[in-house]
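Engineer: Sharing a structure, written as structure tokens. Questions coming.
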Amino acid sequence: MTTTARYPLSTLKSHLAAACAAAALLLAAGGAEAADLNALIWCDHSDPTLLEPFEKANDVKVNVKEFEGTGAGLAIVDQSQPGDWDVMVIDSIDVPRGVEKGLFEPLPEDKLPFADLFPEVKMDKSTIVDGKRYGITEKFGYNTIGFNKTKVDPADMQSLASLTSDKYKGKVAIYDYYLPVIGMAALAIGKKTADLTEADLPALKAELLKMKANAKLVGEVTASQTALATGEVDILVGGGEWVTAGLAKENPALDFSIPKEGAVLWSQSLAMFKDSKNKDMALKFIQYIMSPEGQARLATSSCYWGMPANKTAALTDEQKKILRFDEQPGFLARAQAYPAPNADLDKKMQDMWTEMLQAQ
Amino acid sequence: MSVSGSNSRALPWALVTPALAWTLLFFVLPFIAMGFSSLTAHEGGGFTSANYSQFFIDPSYWRAMVNSLEVTAIVTVISILLAYPFAWILAEMVPERWQRLALMLAVLPFWTSYVVRSYSWLLVLAQNGVINRALTGIGVIGEPLQLANTRLATVTGFVHFFVMLLTLTIFANLKQLSPSYRKAAADLGAGPVRTFLHVVLPLTLPGIMVGAFLTFVLCIGDYITPQILGGNNELVMPQLVMMQIGRRGDFPLASALSIILMAVVTIAYLACARWLKIERA
């Protein structure tokens, strides 16, 4: 007969004591993390090749938490204590949402390499609020047409009309994020993404339904990337360098085009929290990410590739070729802004997207 | 005497208090919070019933509920039809000493991650997956069939999982069934089919219903399988709930949709409550 069986209460008490001790240790460890850098990030920032050089150089541990979607990210902040987080990666168009909630600290422009950024991706309209800059664009790219050039005619990929043509019926996947794909639908019907209003929704819906009728699936990042890479589909609506560049070595047939109607420019920014307990280190982190070395590592992150916002990024010639670095001036000239609807229009756009997904 | 009496009255309460506290803390309170949230406007706060009315007014919203119910019904029926014979073979035809091993093999799918299992099915059902390659290889079809990213794929992924669950509940019920029932039926002149239909099946109904209810609850609330295998060609309720959170962070609408989903589960529970007495399963 074991002690456990003979003295269940004392055993329970000792287990409780052990559990309390373990909880105290965990709490202490949690407290210690306040001295580290706590970052709310997208998956491209969790690559050790990006974080380790910064951690070693500054003798700091970067604790990261990944999220998808600004709403989910802001919910994490809502559920945290002020000061829990130091920096956040956020869609550039959503920087004002964080500012409205009083979350972000203005960034010191003189200590960051704004002069080295591609001018078109500074996104002043959204990163500057009331004359103060709250976000710095760190990475960008295009929601456009990603395709397998051995399966489709690359000349067809120069027009958004191909996405709805019978020629490619059943060969198309749509990236499951309503804003950029609605932006592409706007381009297809000759509208400017920055000027979209509620009156445009019926025409946009008709275009989306035509796209859906041609599509085999509507998938989030992994699903749509997998579908294109495995040959399940030949075209990805909303795809771009973020899908094809990272797979270039394994699958050189994957490519993207900026069609004659244009493409939608996506960009992500870094912001610092107003309540950060470690603002000096937070600024150092932002400076590192925006440095030529940090930019090269971020641009070629294992999660997804994208264009570095800093023109001086230390990319190799091969990496530049894969990202089509030298073609950027032409691409940027034809790209249009990510749709940035107000809350009401945003809801209506999402409902229109829901309707499109449910259409048979 | 009175002390002993009050002790005997207090003991049951003392014993159930941890469970009640747990339920209060981790179910009732969050549920109340969700209820309040569902009645709050996303923009500007304030009381509103708009989050509920949106579900009933917008066809693409209630279509998600219809899709959920259709998928769940199909999965539950197919899983029962497959699990019953499987459980019967395990309980009646496999020697006692091999039953443990057979059961272990039956629950093997539970050992792998849900996400990994779903992606594995995607590879099997893909255009250049195992099934299409085999069918085109032997000349049954000329062009690959679209199996992945369909409702069929979602149902397949679900059935693979829930057949095992139902097998366990039905097997447990069959093992509890005394052989004397069948002997008595035979003595009274009933053949094997009649015995099964009028004696065995009614007596194993609790096992079927417990498994069916678990299948219903887990299936209708699942996000992963339809998201990975369904290709978003139709939305089910959990996907609709998640959509509200991703970019817009519309927790009030997500809460209202979750409560509607929970109401449907409650109705399902009430509909089969008479068979859901655990001690009979």
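If you're wondering about the labels, chains in the structure tokens are A, B, ... by order shown, residues count from 1 in each chain, ligands from 1 in order shown.
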Please report as JSON lines every residue of stretch 160-249 of chain A lying within 12 Å of stretch 86-102 of chain A, along with the nearest atom pair and their distance in Å (one decimal), using only C-alpha atoms.
Structural biologist:
{"residue": "A:Leu179", "atom": "CA", "partner": "A:Ile93", "partner_atom": "CA", "distance": 10.9}
{"residue": "A:Pro180", "atom": "CA", "partner": "A:Ile93", "partner_atom": "CA", "distance": 11.8}
{"residue": "A:Ala194", "atom": "CA", "partner": "A:Ile93", "partner_atom": "CA", "distance": 11.5}
Engineer: Give me, as a PDB file with C-alpha atoms, in the first residue's frame, all polymer residues having an atom no more than 8 Å from A:Leu187, counting only C-alpha atoms and skipping those fewer than 4 positions away in the same chain.
Structural biologist:
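part35.pdb, freshly written:
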ATOM      1  CA  GLY A 183      -9.067  46.335 -53.967  1.00  0.00           C
ATOM      2  CA  LYS A 191     -12.127  52.205 -59.739  1.00  0.00           C
ATOM      3  CA  LYS A 192      -9.423  53.729 -57.581  1.00  0.00           C
ATOM      4  CA  THR A 193      -8.949  51.867 -54.324  1.00  0.00           C
ATOM      5  CA  GLU A 261      -4.869  47.718 -64.319  1.00  0.00           C
ATOM      6  CA  GLY A 262      -2.431  47.862 -61.394  1.00  0.00           C
ATOM      7  CA  ALA A 263      -2.004  46.002 -58.093  1.00  0.00           C
TER       8      ALA A 263
END
Engineer: If we count only C-alpha atoms, what is near stretch 117-127 of chain A at a cut-off of 6 Å, once residues fewer than 2 positions away on the same chain are taken out, given as an MDAnalysis selection string?
Structural biologist: chainID A and resid 93 95 114:115 133:135 137 309:311
Engineer: Pull C-alpha atoms from the residues just selected and write them as a PDB file, in the first residue's frame.
Structural biologist:
ATOM      1  CA  ILE A  93      -3.515  51.379 -42.674  1.00  0.00           C
ATOM      2  CA  VAL A  95      -1.951  52.493 -37.265  1.00  0.00           C
ATOM      3  CA  PHE A 114      13.013  57.708 -43.072  1.00  0.00           C
ATOM      4  CA  ALA A 115      15.153  59.215 -45.827  1.00  0.00           C
ATOM      5  CA  ARG A 133       4.358  59.802 -36.693  1.00  0.00           C
ATOM      6  CA  TYR A 134       3.280  56.637 -34.884  1.00  0.00           C
ATOM      7  CA  GLY A 135       4.410  53.949 -37.307  1.00  0.00           C
ATOM      8  CA  THR A 137       6.769  51.005 -42.709  1.00  0.00           C
ATOM      9  CA  ALA A 309      10.875  49.330 -47.026  1.00  0.00           C
ATOM     10  CA  ASN A 310      14.477  50.534 -46.738  1.00  0.00           C
ATOM     11  CA  LYS A 311      16.138  50.922 -50.146  1.00  0.00           C
TER      12      LYS A 311
END
Engineer: Which chain B residues are at most 7 Å from chain A (counting only C-alpha atoms), as a list in words?
Structural biologist: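 Every residue meeting the condition is included here: Ser60, Ala126, Gln127, Asn149, Gly231, Asn232, Asn233, Glu234, Leu235, Ile245, Gly246, Arg247, Arg248 and Gly249 of chain B.
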Engineer: Write down as an MDAnalysis selection string the residues of stretch 31-115 of chain A whose backbone DSSP state falls under strand (DSSP E).
Structural biologist: chainID A and resid 37:41 62:66 87:91 104:105
Engineer: Could you write out the selected residues, including N, CA and C atoms, as a short mmCIF file (atom, residue, chain, number, x, y, z; two decimals), in the first residue's frame?
Structural biologist:
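Output below, filename again25.cif:
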data_model
loop_
_atom_site.label_atom_id
_atom_site.label_comp_id
_atom_site.auth_asym_id
_atom_site.auth_seq_id
_atom_site.Cartn_x
_atom_site.Cartn_y
_atom_site.Cartn_z
N LEU A 37 12.31 42.36 -24.01
CA LEU A 37 11.51 43.11 -24.97
C LEU A 37 10.33 42.23 -25.39
N ASN A 38 9.13 42.75 -25.23
CA ASN A 38 7.94 41.97 -25.55
C ASN A 38 7.30 42.53 -26.81
N ALA A 39 7.22 41.68 -27.83
CA ALA A 39 6.79 42.16 -29.14
C ALA A 39 5.58 41.38 -29.65
N LEU A 40 4.56 42.13 -30.06
CA LEU A 40 3.39 41.54 -30.72
C LEU A 40 3.69 41.56 -32.22
N ILE A 41 3.78 40.39 -32.80
CA ILE A 41 4.36 40.36 -34.15
C ILE A 41 3.56 39.51 -35.14
N VAL A 62 14.08 38.69 -26.71
CA VAL A 62 12.86 39.22 -27.34
C VAL A 62 11.77 38.16 -27.22
N ASN A 63 10.75 38.47 -26.43
CA ASN A 63 9.60 37.56 -26.29
C ASN A 63 8.56 37.96 -27.32
N VAL A 64 8.20 37.01 -28.18
CA VAL A 64 7.27 37.38 -29.25
C VAL A 64 5.95 36.64 -29.10
N LYS A 65 4.89 37.31 -29.53
CA LYS A 65 3.58 36.65 -29.63
C LYS A 65 3.02 36.97 -31.01
N GLU A 66 2.74 35.90 -31.75
CA GLU A 66 2.22 36.07 -33.11
C GLU A 66 0.71 36.28 -33.08
N VAL A 87 6.58 46.66 -28.46
CA VAL A 87 6.42 47.03 -29.88
C VAL A 87 5.37 46.13 -30.52
N MET A 88 4.82 46.62 -31.65
CA MET A 88 3.78 45.86 -32.35
C MET A 88 3.95 46.02 -33.85
N VAL A 89 3.74 44.92 -34.56
CA VAL A 89 3.68 44.97 -36.02
C VAL A 89 2.20 45.13 -36.38
N ILE A 90 1.91 46.02 -37.29
CA ILE A 90 0.51 46.30 -37.60
C ILE A 90 0.39 46.71 -39.06
N ASP A 91 -0.73 46.36 -39.68
CA ASP A 91 -1.03 46.85 -41.03
C ASP A 91 -0.88 48.36 -41.01
N PHE A 104 -0.21 53.99 -28.82
CA PHE A 104 1.13 54.14 -29.40
C PHE A 104 1.84 55.42 -28.98
N GLU A 105 3.15 55.33 -29.03
CA GLU A 105 4.04 56.45 -28.71
C GLU A 105 4.52 57.05 -30.05
#
Engineer: Could you give me, as JSON, numbers by chain, the residues within 6 Å of stretch 83-99 of chain B, counting only C-alpha atoms and dropping anything in the same chain fewer than 3 positions from it?
Structural biologist: {"B": [79, 80, 102, 103, 163, 166, 167, 171]}
Engineer: Hey, can you spit out that residue selection with C-alpha atoms as a short mmCIF file (atom, residue, chain, number, x, y, z; two decimals), in the first residue's frame?
Structural biologist:
data_model
loop_
_atom_site.label_atom_id
_atom_site.label_comp_id
_atom_site.auth_asym_id
_atom_site.auth_seq_id
_atom_site.Cartn_x
_atom_site.Cartn_y
_atom_site.Cartn_z
CA SER B 79 -20.49 8.00 -38.60
CA ILE B 80 -23.24 5.98 -36.89
CA ALA B 102 -8.22 -3.68 -31.59
CA LEU B 103 -9.63 -0.76 -29.59
CA VAL B 163 -16.39 7.08 -36.35
CA LEU B 166 -18.95 6.54 -31.83
CA THR B 167 -17.30 3.15 -31.98
CA PHE B 171 -18.78 -0.75 -28.07
#
Engineer: Could you tell me how far atom CA of B:Gly46 sits from atom CA of A:Ser80, in Å to one decimal place?
Structural biologist: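 Value for the atom CA of A:Ser80-atom CA of B:Gly46 distance: 23.4 Å.
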Engineer: When you draw a straight line from atom CA of B:Leu270 to atom CA of B:Met209, how long is it in Å?
Structural biologist: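 Pair atom CA of B:Leu270 / atom CA of B:Met209 returns 12.1 Å.
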Engineer: Compare B:Phe213, B:Tyr223, B:Phe196, B:Phe251 by their minimum atom-to-atom distance to B:Ile267, counting only C-alpha atoms, and give me the closest one.
Structural biologist: B:Phe213
Engineer: If you run DSSP on this backbone, which residues of stretch 76-164 of chain B come out as alpha helix (DSSP H), and could you give them as number ranges by chain?
Structural biologist: B: 76-88, 96-106, 114-125, 130-137, 151-164
Engineer: How many Å lie between atom CA of B:Ser113 and atom CA of B:Ile78, rounded to one decimal?
Structural biologist: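 Computed distance, atom CA of B:Ser113 to atom CA of B:Ile78, equals 22.6 Å.
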